[in-house]
Amino acid sequence: MSSHELWRATNTTAGPATVRLVQGPDGLTITGWGPGAAAAVEQAPELVGLHDTDRHFSPRHPLVAALARRHDGLRVGRSANVVESLLPAVCEQKVTSIEAHRTYSRLVRALGTLAPGPAGLVVPPDAATLARTPSWIFHRAGLERRRAEALVGACLRAPRLEECLAMSCADAQDRLRAFPGIGPWTAAEVAGTALGDPDAVPVGDFHLPNTVSWALAREPRADDRRMLELLEPYAGHRRRVLRLLAVGAGHAPRWGPRLSPADISQH
């Protein structure tokens, strides 16, 4: 697989699908496999952000301006699949990235299905599968009861989740936060990924305020209030700024020992 090539397995309303996207000199070539191939191919331009626009985005800070020039064309994509965005977001709640990626990978392998096409990918579990999954499978994957119940409860009302796709980003986040166990951080993560919200800021993140304050004010530590204050000039495009900082700003200084990832599946 080249750096200009992307494969993705996903669920659509017509069934599972695999899509291959290749960026070439003549544009984007999209190929699909499976019952949901047509739907996945139709949605792929939004996935890579061709719907996105940075109109009215004015990078005032020198670092943001430099990153915007260096990464010209960076876009906020829209997956248009709320459940597939919710699963990794719930896995990431209150744990390290290592723990979250491990749990997500285990759940996809345990509950997903082999994707159509030649890539050998696995389609993530759909809402119906997650809703009927017993608690011990979540525990074995590393997802404790609180997060598992939040995920199952939301998937039991999956149509209400997917209605978010037809809402404004603000209304969609309100709808998401109405589900038990889905707070501002998770709602913003889902809105950013599934809806392509260019302004979604995941308040409550452990590292993000420090990253923003270090990049924009050379302050090594900050809270959510300070982060939002620094991002306020970019209202409407705050997620765009966060993406630029993620690809080019580096991390704030780390002074303490790193948190050792836990694995509850062994207990």
# chains A, B, ... in the order shown; residues from 1 in each chain; ligands from 1
call {"tool": "select_by_dssp", "arguments": {"residues": "region 55-93 of chain A", "states": "alpha helix (DSSP H)", "output": "mmCIF file with N, CA and C atoms, in the first residue's frame"}}
result
data_model
loop_
_atom_site.group_PDB
_atom_site.id
_atom_site.type_symbol
_atom_site.label_atom_id
_atom_site.label_comp_id
_atom_site.auth_asym_id
_atom_site.auth_seq_id
_atom_site.Cartn_x
_atom_site.Cartn_y
_atom_site.Cartn_z
ATOM 1 N N PRO A 62 1.298 32.808 14.153
ATOM 2 C CA PRO A 62 2.345 32.454 13.174
ATOM 3 C C PRO A 62 2.510 30.958 12.971
ATOM 4 N N LEU A 63 2.426 30.174 14.054
ATOM 5 C CA LEU A 63 2.574 28.724 13.904
ATOM 6 C C LEU A 63 1.408 28.137 13.122
ATOM 7 N N VAL A 64 0.186 28.570 13.441
ATOM 8 C CA VAL A 64 -0.986 28.069 12.719
ATOM 9 C C VAL A 64 -0.900 28.447 11.244
ATOM 10 N N ALA A 65 -0.467 29.667 10.970
ATOM 11 C CA ALA A 65 -0.327 30.106 9.578
ATOM 12 C C ALA A 65 0.717 29.262 8.853
ATOM 13 N N ALA A 66 1.837 28.984 9.515
ATOM 14 C CA ALA A 66 2.887 28.181 8.890
ATOM 15 C C ALA A 66 2.411 26.757 8.628
ATOM 16 N N LEU A 67 1.688 26.180 9.588
ATOM 17 C CA LEU A 67 1.173 24.823 9.415
ATOM 18 C C LEU A 67 0.117 24.773 8.319
ATOM 19 N N ALA A 68 -0.721 25.811 8.231
ATOM 20 C CA ALA A 68 -1.742 25.852 7.184
ATOM 21 C C ALA A 68 -1.103 25.909 5.802
ATOM 22 N N ARG A 69 0.008 26.642 5.669
ATOM 23 C CA ARG A 69 0.712 26.679 4.385
ATOM 24 C C ARG A 69 1.379 25.335 4.088
ATOM 25 N N ARG A 70 2.004 24.751 5.110
ATOM 26 C CA ARG A 70 2.732 23.494 4.914
ATOM 27 C C ARG A 70 1.787 22.345 4.594
ATOM 28 N N VAL A 82 -22.313 7.133 12.533
ATOM 29 C CA VAL A 82 -22.203 7.533 13.929
ATOM 30 C C VAL A 82 -21.744 6.377 14.805
ATOM 31 N N VAL A 83 -22.307 5.191 14.602
ATOM 32 C CA VAL A 83 -21.945 4.049 15.445
ATOM 33 C C VAL A 83 -20.472 3.684 15.271
ATOM 34 N N GLU A 84 -19.984 3.686 14.031
ATOM 35 C CA GLU A 84 -18.586 3.354 13.805
ATOM 36 C C GLU A 84 -17.639 4.421 14.360
ATOM 37 N N SER A 85 -18.121 5.618 14.577
ATOM 38 C CA SER A 85 -17.321 6.651 15.225
ATOM 39 C C SER A 85 -17.444 6.569 16.744
ATOM 40 N N LEU A 86 -18.603 6.129 17.217
ATOM 41 C CA LEU A 86 -18.834 6.049 18.656
ATOM 42 C C LEU A 86 -18.006 4.943 19.297
ATOM 43 N N LEU A 87 -17.867 3.798 18.631
ATOM 44 C CA LEU A 87 -17.158 2.670 19.223
ATOM 45 C C LEU A 87 -15.718 3.039 19.624
ATOM 46 N N PRO A 88 -14.886 3.563 18.726
ATOM 47 C CA PRO A 88 -13.533 3.925 19.169
ATOM 48 C C PRO A 88 -13.526 5.070 20.172
ATOM 49 N N ALA A 89 -14.498 5.995 20.078
ATOM 50 C CA ALA A 89 -14.537 7.106 21.034
ATOM 51 C C ALA A 89 -14.802 6.598 22.446
ATOM 52 N N VAL A 90 -15.733 5.658 22.589
ATOM 53 C CA VAL A 90 -15.998 5.083 23.916
ATOM 54 C C VAL A 90 -14.784 4.310 24.412
ATOM 55 N N CYS A 91 -14.117 3.605 23.504
ATOM 56 C CA CYS A 91 -12.899 2.887 23.896
ATOM 57 C C CYS A 91 -11.833 3.835 24.424
#
call {"tool": "residues_around", "arguments": {"residues": "Ala14 (chain A)", "least_positions_apart": "2", "cutoff": "12 Å", "atoms": "only C-alpha atoms", "output": "VMD selection string"}}
result
chain A and resid 10 to 12 16 to 17 33 to 40
call {"tool": "write_last_selection", "arguments": {"atoms": "N, CA, C and O atoms", "output": "PDB file, in the first residue's frame"}}
result
ATOM      1  N   THR A  10     -16.353  -0.904   6.011  1.00  0.00           N
ATOM      2  CA  THR A  10     -17.393  -0.171   6.739  1.00  0.00           C
ATOM      3  C   THR A  10     -18.748  -0.822   6.526  1.00  0.00           C
ATOM      4  O   THR A  10     -18.938  -1.637   5.613  1.00  0.00           O
ATOM      5  N   ASN A  11     -19.689  -0.457   7.380  1.00  0.00           N
ATOM      6  CA  ASN A  11     -21.084  -0.854   7.206  1.00  0.00           C
ATOM      7  C   ASN A  11     -21.854   0.288   6.547  1.00  0.00           C
ATOM      8  O   ASN A  11     -21.628   1.454   6.863  1.00  0.00           O
ATOM      9  N   THR A  12     -22.748  -0.068   5.652  1.00  0.00           N
ATOM     10  CA  THR A  12     -23.634   0.914   5.039  1.00  0.00           C
ATOM     11  C   THR A  12     -25.065   0.426   5.191  1.00  0.00           C
ATOM     12  O   THR A  12     -25.308  -0.704   5.625  1.00  0.00           O
ATOM     13  N   PRO A  16     -22.314  -4.509   4.207  1.00  0.00           N
ATOM     14  CA  PRO A  16     -20.888  -4.219   4.383  1.00  0.00           C
ATOM     15  C   PRO A  16     -20.206  -3.884   3.060  1.00  0.00           C
ATOM     16  O   PRO A  16     -20.661  -4.272   1.981  1.00  0.00           O
ATOM     17  N   ALA A  17     -19.102  -3.159   3.155  1.00  0.00           N
ATOM     18  CA  ALA A  17     -18.383  -2.753   1.945  1.00  0.00           C
ATOM     19  C   ALA A  17     -16.915  -2.530   2.267  1.00  0.00           C
ATOM     20  O   ALA A  17     -16.535  -2.255   3.410  1.00  0.00           O
ATOM     21  N   TRP A  33     -16.219  -2.842  -3.098  1.00  0.00           N
ATOM     22  CA  TRP A  33     -16.594  -4.249  -3.131  1.00  0.00           C
ATOM     23  C   TRP A  33     -17.701  -4.476  -2.113  1.00  0.00           C
ATOM     24  O   TRP A  33     -17.784  -3.776  -1.102  1.00  0.00           O
ATOM     25  N   GLY A  34     -18.549  -5.457  -2.372  1.00  0.00           N
ATOM     26  CA  GLY A  34     -19.557  -5.866  -1.410  1.00  0.00           C
ATOM     27  C   GLY A  34     -20.920  -5.273  -1.658  1.00  0.00           C
ATOM     28  O   GLY A  34     -21.100  -4.403  -2.521  1.00  0.00           O
ATOM     29  N   PRO A  35     -21.930  -5.740  -0.881  1.00  0.00           N
ATOM     30  CA  PRO A  35     -23.303  -5.244  -1.055  1.00  0.00           C
ATOM     31  C   PRO A  35     -23.430  -3.736  -0.892  1.00  0.00           C
ATOM     32  O   PRO A  35     -24.287  -3.113  -1.506  1.00  0.00           O
ATOM     33  N   GLY A  36     -22.603  -3.163  -0.036  1.00  0.00           N
ATOM     34  CA  GLY A  36     -22.683  -1.723   0.196  1.00  0.00           C
ATOM     35  C   GLY A  36     -21.696  -0.909  -0.612  1.00  0.00           C
ATOM     36  O   GLY A  36     -21.466   0.273  -0.308  1.00  0.00           O
ATOM     37  N   ALA A  37     -21.132  -1.521  -1.669  1.00  0.00           N
ATOM     38  CA  ALA A  37     -20.085  -0.840  -2.440  1.00  0.00           C
ATOM     39  C   ALA A  37     -20.558   0.487  -3.019  1.00  0.00           C
ATOM     40  O   ALA A  37     -19.856   1.502  -2.922  1.00  0.00           O
ATOM     41  N   ALA A  38     -21.735   0.493  -3.629  1.00  0.00           N
ATOM     42  CA  ALA A  38     -22.209   1.726  -4.264  1.00  0.00           C
ATOM     43  C   ALA A  38     -22.370   2.849  -3.243  1.00  0.00           C
ATOM     44  O   ALA A  38     -21.979   3.996  -3.489  1.00  0.00           O
ATOM     45  N   ALA A  39     -22.933   2.513  -2.072  1.00  0.00           N
ATOM     46  CA  ALA A  39     -23.132   3.530  -1.040  1.00  0.00           C
ATOM     47  C   ALA A  39     -21.790   4.024  -0.504  1.00  0.00           C
ATOM     48  O   ALA A  39     -21.605   5.224  -0.262  1.00  0.00           O
ATOM     49  N   ALA A  40     -20.842   3.107  -0.300  1.00  0.00           N
ATOM     50  CA  ALA A  40     -19.537   3.498   0.233  1.00  0.00           C
ATOM     51  C   ALA A  40     -18.765   4.352  -0.766  1.00  0.00           C
ATOM     52  O   ALA A  40     -18.085   5.313  -0.384  1.00  0.00           O
TER      53      ALA A  40
END
call {"tool": "residues_around", "arguments": {"residues": "Val122 (chain A)", "least_positions_apart": "5", "cutoff": "9 Å", "atoms": "only C-alpha atoms", "output": "PyMOL selection string"}}
result
chain A and resi 9-10+108-109+112-116
call {"tool": "write_last_selection", "arguments": {"atoms": "N, CA, C and O atoms", "output": "PDB file, in the first residue's frame"}}
result
ATOM      1  N   ALA A   9     -12.904  -0.615   5.456  1.00  0.00           N
ATOM      2  CA  ALA A   9     -14.047  -1.523   5.565  1.00  0.00           C
ATOM      3  C   ALA A   9     -15.094  -0.848   6.440  1.00  0.00           C
ATOM      4  O   ALA A   9     -14.772  -0.290   7.490  1.00  0.00           O
ATOM      5  N   THR A  10     -16.353  -0.904   6.011  1.00  0.00           N
ATOM      6  CA  THR A  10     -17.393  -0.171   6.739  1.00  0.00           C
ATOM      7  C   THR A  10     -18.748  -0.822   6.526  1.00  0.00           C
ATOM      8  O   THR A  10     -18.938  -1.637   5.613  1.00  0.00           O
ATOM      9  N   VAL A 108     -13.166  -5.358  17.484  1.00  0.00           N
ATOM     10  CA  VAL A 108     -13.378  -5.533  16.041  1.00  0.00           C
ATOM     11  C   VAL A 108     -13.079  -6.972  15.635  1.00  0.00           C
ATOM     12  O   VAL A 108     -13.836  -7.582  14.866  1.00  0.00           O
ATOM     13  N   ARG A 109     -11.996  -7.532  16.143  1.00  0.00           N
ATOM     14  CA  ARG A 109     -11.666  -8.920  15.795  1.00  0.00           C
ATOM     15  C   ARG A 109     -12.699  -9.894  16.338  1.00  0.00           C
ATOM     16  O   ARG A 109     -13.025 -10.899  15.685  1.00  0.00           O
ATOM     17  N   GLY A 112     -16.507  -8.239  14.692  1.00  0.00           N
ATOM     18  CA  GLY A 112     -16.626  -7.830  13.304  1.00  0.00           C
ATOM     19  C   GLY A 112     -16.751  -9.014  12.361  1.00  0.00           C
ATOM     20  O   GLY A 112     -16.713 -10.179  12.767  1.00  0.00           O
ATOM     21  N   THR A 113     -16.915  -8.702  11.090  1.00  0.00           N
ATOM     22  CA  THR A 113     -17.040  -9.741  10.059  1.00  0.00           C
ATOM     23  C   THR A 113     -16.020  -9.482   8.964  1.00  0.00           C
ATOM     24  O   THR A 113     -15.579  -8.346   8.750  1.00  0.00           O
ATOM     25  N   LEU A 114     -15.644 -10.542   8.274  1.00  0.00           N
ATOM     26  CA  LEU A 114     -14.676 -10.405   7.188  1.00  0.00           C
ATOM     27  C   LEU A 114     -15.250  -9.500   6.107  1.00  0.00           C
ATOM     28  O   LEU A 114     -16.371  -9.682   5.635  1.00  0.00           O
ATOM     29  N   ALA A 115     -14.475  -8.502   5.726  1.00  0.00           N
ATOM     30  CA  ALA A 115     -14.943  -7.532   4.738  1.00  0.00           C
ATOM     31  C   ALA A 115     -14.877  -8.118   3.338  1.00  0.00           C
ATOM     32  O   ALA A 115     -14.000  -8.943   3.030  1.00  0.00           O
ATOM     33  N   PRO A 116     -15.783  -7.716   2.462  1.00  0.00           N
ATOM     34  CA  PRO A 116     -15.700  -8.151   1.062  1.00  0.00           C
ATOM     35  C   PRO A 116     -14.475  -7.542   0.394  1.00  0.00           C
ATOM     36  O   PRO A 116     -13.916  -6.553   0.875  1.00  0.00           O
TER      37      PRO A 116
END
call {"tool": "residues_around", "arguments": {"residues": "Val95 (chain A)", "least_positions_apart": "4", "cutoff": "12 Å", "atoms": "only C-alpha atoms", "output": "JSON, numbers by chain"}}
result
{"A": [88, 89, 90, 91, 99, 100, 101, 102, 103, 142, 143, 144, 147, 205, 206, 207, 259, 260, 261, 262, 263, 264]}
call {"tool": "residues_around", "arguments": {"residues": "Leu242 (chain A)", "least_positions_apart": "3", "cutoff": "10 Å", "atoms": "only C-alpha atoms", "output": "list of chain:residue names"}}
result
A:Val64, A:Pro198, A:Asp199, A:Ala200, A:Val201, A:Pro202, A:Leu208, A:Thr211, A:Val212, A:Leu231, A:His237, A:Arg238, A:Arg239, A:Leu245, A:Ala246, A:Val247, A:Ala249
call {"tool": "write_last_selection", "arguments": {"atoms": "N, CA, C and O atoms", "output": "PDB file, in the first residue's frame"}}
result
ATOM      1  N   VAL A  64       0.186  28.570  13.441  1.00  0.00           N
ATOM      2  CA  VAL A  64      -0.986  28.069  12.719  1.00  0.00           C
ATOM      3  C   VAL A  64      -0.900  28.447  11.244  1.00  0.00           C
ATOM      4  O   VAL A  64      -1.202  27.639  10.362  1.00  0.00           O
ATOM      5  N   PRO A 198     -16.087  20.970  11.677  1.00  0.00           N
ATOM      6  CA  PRO A 198     -14.774  21.618  11.710  1.00  0.00           C
ATOM      7  C   PRO A 198     -14.515  22.418  12.975  1.00  0.00           C
ATOM      8  O   PRO A 198     -13.430  22.968  13.146  1.00  0.00           O
ATOM      9  N   ASP A 199     -15.515  22.472  13.867  1.00  0.00           N
ATOM     10  CA  ASP A 199     -15.372  23.281  15.072  1.00  0.00           C
ATOM     11  C   ASP A 199     -15.409  22.445  16.346  1.00  0.00           C
ATOM     12  O   ASP A 199     -15.312  22.990  17.442  1.00  0.00           O
ATOM     13  N   ALA A 200     -15.524  21.117  16.233  1.00  0.00           N
ATOM     14  CA  ALA A 200     -15.676  20.261  17.407  1.00  0.00           C
ATOM     15  C   ALA A 200     -14.395  20.229  18.236  1.00  0.00           C
ATOM     16  O   ALA A 200     -13.329  19.889  17.733  1.00  0.00           O
ATOM     17  N   VAL A 201     -14.512  20.568  19.517  1.00  0.00           N
ATOM     18  CA  VAL A 201     -13.377  20.563  20.435  1.00  0.00           C
ATOM     19  C   VAL A 201     -13.675  19.565  21.558  1.00  0.00           C
ATOM     20  O   VAL A 201     -14.633  19.756  22.310  1.00  0.00           O
ATOM     21  N   PRO A 202     -12.872  18.514  21.713  1.00  0.00           N
ATOM     22  CA  PRO A 202     -13.117  17.524  22.765  1.00  0.00           C
ATOM     23  C   PRO A 202     -12.676  18.025  24.138  1.00  0.00           C
ATOM     24  O   PRO A 202     -11.553  17.796  24.575  1.00  0.00           O
ATOM     25  N   LEU A 208      -4.747  17.423  25.508  1.00  0.00           N
ATOM     26  CA  LEU A 208      -5.017  18.450  24.510  1.00  0.00           C
ATOM     27  C   LEU A 208      -4.829  19.882  25.008  1.00  0.00           C
ATOM     28  O   LEU A 208      -4.223  20.709  24.311  1.00  0.00           O
ATOM     29  N   THR A 211      -1.192  20.671  24.913  1.00  0.00           N
ATOM     30  CA  THR A 211      -0.684  20.777  23.544  1.00  0.00           C
ATOM     31  C   THR A 211      -1.023  22.135  22.946  1.00  0.00           C
ATOM     32  O   THR A 211      -0.178  22.795  22.328  1.00  0.00           O
ATOM     33  N   VAL A 212      -2.279  22.570  23.128  1.00  0.00           N
ATOM     34  CA  VAL A 212      -2.728  23.845  22.566  1.00  0.00           C
ATOM     35  C   VAL A 212      -2.004  25.017  23.229  1.00  0.00           C
ATOM     36  O   VAL A 212      -1.519  25.938  22.554  1.00  0.00           O
ATOM     37  N   LEU A 231      -8.265  29.115  21.618  1.00  0.00           N
ATOM     38  CA  LEU A 231      -8.878  28.700  20.354  1.00  0.00           C
ATOM     39  C   LEU A 231     -10.015  29.618  19.913  1.00  0.00           C
ATOM     40  O   LEU A 231     -10.471  29.524  18.766  1.00  0.00           O
ATOM     41  N   HIS A 237     -13.711  26.956  13.227  1.00  0.00           N
ATOM     42  CA  HIS A 237     -12.653  26.140  12.619  1.00  0.00           C
ATOM     43  C   HIS A 237     -11.699  25.582  13.681  1.00  0.00           C
ATOM     44  O   HIS A 237     -10.542  25.288  13.388  1.00  0.00           O
ATOM     45  N   ARG A 238     -12.185  25.418  14.897  1.00  0.00           N
ATOM     46  CA  ARG A 238     -11.285  25.010  15.974  1.00  0.00           C
ATOM     47  C   ARG A 238     -10.768  23.582  15.787  1.00  0.00           C
ATOM     48  O   ARG A 238      -9.609  23.308  16.108  1.00  0.00           O
ATOM     49  N   ARG A 239     -11.589  22.690  15.274  1.00  0.00           N
ATOM     50  CA  ARG A 239     -11.082  21.337  15.019  1.00  0.00           C
ATOM     51  C   ARG A 239     -10.025  21.363  13.910  1.00  0.00           C
ATOM     52  O   ARG A 239      -9.075  20.584  13.939  1.00  0.00           O
ATOM     53  N   LEU A 245      -2.323  21.416  14.500  1.00  0.00           N
ATOM     54  CA  LEU A 245      -1.387  21.275  15.609  1.00  0.00           C
ATOM     55  C   LEU A 245      -0.979  19.817  15.796  1.00  0.00           C
ATOM     56  O   LEU A 245       0.182  19.522  16.122  1.00  0.00           O
ATOM     57  N   ALA A 246      -1.906  18.890  15.562  1.00  0.00           N
ATOM     58  CA  ALA A 246      -1.597  17.471  15.738  1.00  0.00           C
ATOM     59  C   ALA A 246      -0.546  16.989  14.748  1.00  0.00           C
ATOM     60  O   ALA A 246       0.287  16.134  15.080  1.00  0.00           O
ATOM     61  N   VAL A 247      -0.565  17.522  13.535  1.00  0.00           N
ATOM     62  CA  VAL A 247       0.383  17.033  12.522  1.00  0.00           C
ATOM     63  C   VAL A 247       1.695  17.798  12.519  1.00  0.00           C
ATOM     64  O   VAL A 247       2.651  17.344  11.884  1.00  0.00           O
ATOM     65  N   ALA A 249       2.759  20.430  15.451  1.00  0.00           N
ATOM     66  CA  ALA A 249       3.137  21.287  16.575  1.00  0.00           C
ATOM     67  C   ALA A 249       3.939  20.576  17.651  1.00  0.00           C
ATOM     68  O   ALA A 249       4.560  21.218  18.492  1.00  0.00           O
TER      69      ALA A 249
END
call {"tool": "residues_around", "arguments": {"residues": "region 153-163 of chain A", "least_positions_apart": "6", "cutoff": "7 Å", "atoms": "only C-alpha atoms", "output": "ChimeraX atom specification"}}
result
/A:82,127-128,130-131,179
call {"tool": "atom_distance", "arguments": {"atom1": "CA of Ala172 (chain A)", "atom2": "CA of Ala191 (chain A)"}}
result
7.2 Å
call {"tool": "residues_around", "arguments": {"residues": "region 227-230 of chain A", "least_positions_apart": "5", "cutoff": "8 Å", "atoms": "only C-alpha atoms", "output": "PyMOL selection string"}}
result
chain A and resi 209-210+212-213+216-217+222
call {"tool": "closest_residue", "arguments": {"among": "A:His251, A:Arg226, A:Arg55, A:Arg78", "to": "Gly192 (chain A)", "atoms": "only C-alpha atoms"}}
result
A:Arg78
call {"tool": "select_by_dssp", "arguments": {"residues": "region 31-264 of chain A", "states": "strand (DSSP E)", "output": "PyMOL selection string"}}
result
chain A and resi 31-33+113-114+122-123
call {"tool": "write_last_selection", "arguments": {"atoms": "C-alpha atoms", "output": "mmCIF file, in the first residue's frame"}}
result
data_model
loop_
_atom_site.group_PDB
_atom_site.id
_atom_site.type_symbol
_atom_site.label_atom_id
_atom_site.label_comp_id
_atom_site.auth_asym_id
_atom_site.auth_seq_id
_atom_site.Cartn_x
_atom_site.Cartn_y
_atom_site.Cartn_z
ATOM 1 C CA THR A 31 -13.212 1.278 -6.065
ATOM 2 C CA GLY A 32 -15.737 -0.644 -3.969
ATOM 3 C CA TRP A 33 -16.594 -4.249 -3.131
ATOM 4 C CA THR A 113 -17.040 -9.741 10.059
ATOM 5 C CA LEU A 114 -14.676 -10.405 7.188
ATOM 6 C CA VAL A 122 -12.595 -6.709 9.039
ATOM 7 C CA VAL A 123 -15.830 -4.699 9.078
#
call {"tool": "closest_residue", "arguments": {"among": "A:Gly196, A:Glu5, A:Asp224, A:Leu47", "to": "Cys164 (chain A)", "atoms": "only C-alpha atoms"}}
result
A:Gly196
call {"tool": "decode", "arguments": {"residues": "region 60-133 of chain A", "atoms": "C-alpha atoms", "output": "mmCIF file, in the first residue's frame"}}
result
data_model
loop_
_atom_site.group_PDB
_atom_site.id
_atom_site.type_symbol
_atom_site.label_atom_id
_atom_site.label_comp_id
_atom_site.auth_asym_id
_atom_site.auth_seq_id
_atom_site.Cartn_x
_atom_site.Cartn_y
_atom_site.Cartn_z
ATOM 1 C CA ARG A 60 -3.693 34.500 12.945
ATOM 2 C CA HIS A 61 -1.005 32.794 15.003
ATOM 3 C CA PRO A 62 2.345 32.454 13.174
ATOM 4 C CA LEU A 63 2.574 28.724 13.904
ATOM 5 C CA VAL A 64 -0.986 28.069 12.719
ATOM 6 C CA ALA A 65 -0.327 30.106 9.578
ATOM 7 C CA ALA A 66 2.887 28.181 8.890
ATOM 8 C CA LEU A 67 1.173 24.823 9.415
ATOM 9 C CA ALA A 68 -1.742 25.852 7.184
ATOM 10 C CA ARG A 69 0.712 26.679 4.385
ATOM 11 C CA ARG A 70 2.732 23.494 4.914
ATOM 12 C CA HIS A 71 -0.364 21.301 4.991
ATOM 13 C CA ASP A 72 -2.395 23.142 2.390
ATOM 14 C CA GLY A 73 -5.356 20.967 1.489
ATOM 15 C CA LEU A 74 -5.766 19.362 4.914
ATOM 16 C CA ARG A 75 -9.470 18.710 5.335
ATOM 17 C CA VAL A 76 -11.939 17.592 7.993
ATOM 18 C CA GLY A 77 -13.509 14.387 6.715
ATOM 19 C CA ARG A 78 -17.008 13.048 7.346
ATOM 20 C CA SER A 79 -17.534 9.289 7.748
ATOM 21 C CA ALA A 80 -21.352 9.595 7.977
ATOM 22 C CA ASN A 81 -21.446 6.590 10.332
ATOM 23 C CA VAL A 82 -22.203 7.533 13.929
ATOM 24 C CA VAL A 83 -21.945 4.049 15.445
ATOM 25 C CA GLU A 84 -18.586 3.354 13.805
ATOM 26 C CA SER A 85 -17.321 6.651 15.225
ATOM 27 C CA LEU A 86 -18.834 6.049 18.656
ATOM 28 C CA LEU A 87 -17.158 2.670 19.223
ATOM 29 C CA PRO A 88 -13.533 3.925 19.169
ATOM 30 C CA ALA A 89 -14.537 7.106 21.034
ATOM 31 C CA VAL A 90 -15.998 5.083 23.916
ATOM 32 C CA CYS A 91 -12.899 2.887 23.896
ATOM 33 C CA GLU A 92 -10.802 6.050 24.354
ATOM 34 C CA GLN A 93 -12.731 7.381 27.356
ATOM 35 C CA LYS A 94 -10.494 7.920 30.410
ATOM 36 C CA VAL A 95 -7.670 5.583 29.292
ATOM 37 C CA THR A 96 -4.343 5.832 27.489
ATOM 38 C CA SER A 97 -4.140 5.614 23.707
ATOM 39 C CA ILE A 98 -2.420 2.245 23.989
ATOM 40 C CA GLU A 99 -5.292 0.818 26.045
ATOM 41 C CA ALA A 100 -7.909 2.323 23.721
ATOM 42 C CA HIS A 101 -6.324 0.957 20.545
ATOM 43 C CA ARG A 102 -5.903 -2.478 22.113
ATOM 44 C CA THR A 103 -9.544 -2.613 23.246
ATOM 45 C CA TYR A 104 -10.877 -1.394 19.913
ATOM 46 C CA SER A 105 -8.779 -3.928 18.004
ATOM 47 C CA ARG A 106 -9.989 -6.777 20.229
ATOM 48 C CA LEU A 107 -13.641 -5.806 19.819
ATOM 49 C CA VAL A 108 -13.378 -5.533 16.041
ATOM 50 C CA ARG A 109 -11.666 -8.920 15.795
ATOM 51 C CA ALA A 110 -14.177 -10.539 18.170
ATOM 52 C CA LEU A 111 -17.392 -9.000 16.837
ATOM 53 C CA GLY A 112 -16.626 -7.830 13.304
ATOM 54 C CA THR A 113 -17.040 -9.741 10.059
ATOM 55 C CA LEU A 114 -14.676 -10.405 7.188
ATOM 56 C CA ALA A 115 -14.943 -7.532 4.738
ATOM 57 C CA PRO A 116 -15.700 -8.151 1.062
ATOM 58 C CA GLY A 117 -12.930 -7.610 -1.453
ATOM 59 C CA PRO A 118 -9.281 -8.599 -1.710
ATOM 60 C CA ALA A 119 -7.759 -6.710 1.243
ATOM 61 C CA GLY A 120 -8.683 -9.120 4.062
ATOM 62 C CA LEU A 121 -10.022 -6.328 6.261
ATOM 63 C CA VAL A 122 -12.595 -6.709 9.039
ATOM 64 C CA VAL A 123 -15.830 -4.699 9.078
ATOM 65 C CA PRO A 124 -16.442 -3.158 12.541
ATOM 66 C CA PRO A 125 -19.463 -4.521 14.426
ATOM 67 C CA ASP A 126 -22.746 -2.782 13.697
ATOM 68 C CA ALA A 127 -25.170 -1.377 16.265
ATOM 69 C CA ALA A 128 -27.316 -4.522 16.429
ATOM 70 C CA THR A 129 -24.275 -6.681 17.162
ATOM 71 C CA LEU A 130 -22.965 -4.345 19.862
ATOM 72 C CA ALA A 131 -26.404 -4.050 21.469
ATOM 73 C CA ARG A 132 -26.685 -7.821 22.013
ATOM 74 C CA THR A 133 -23.089 -8.444 23.053
#
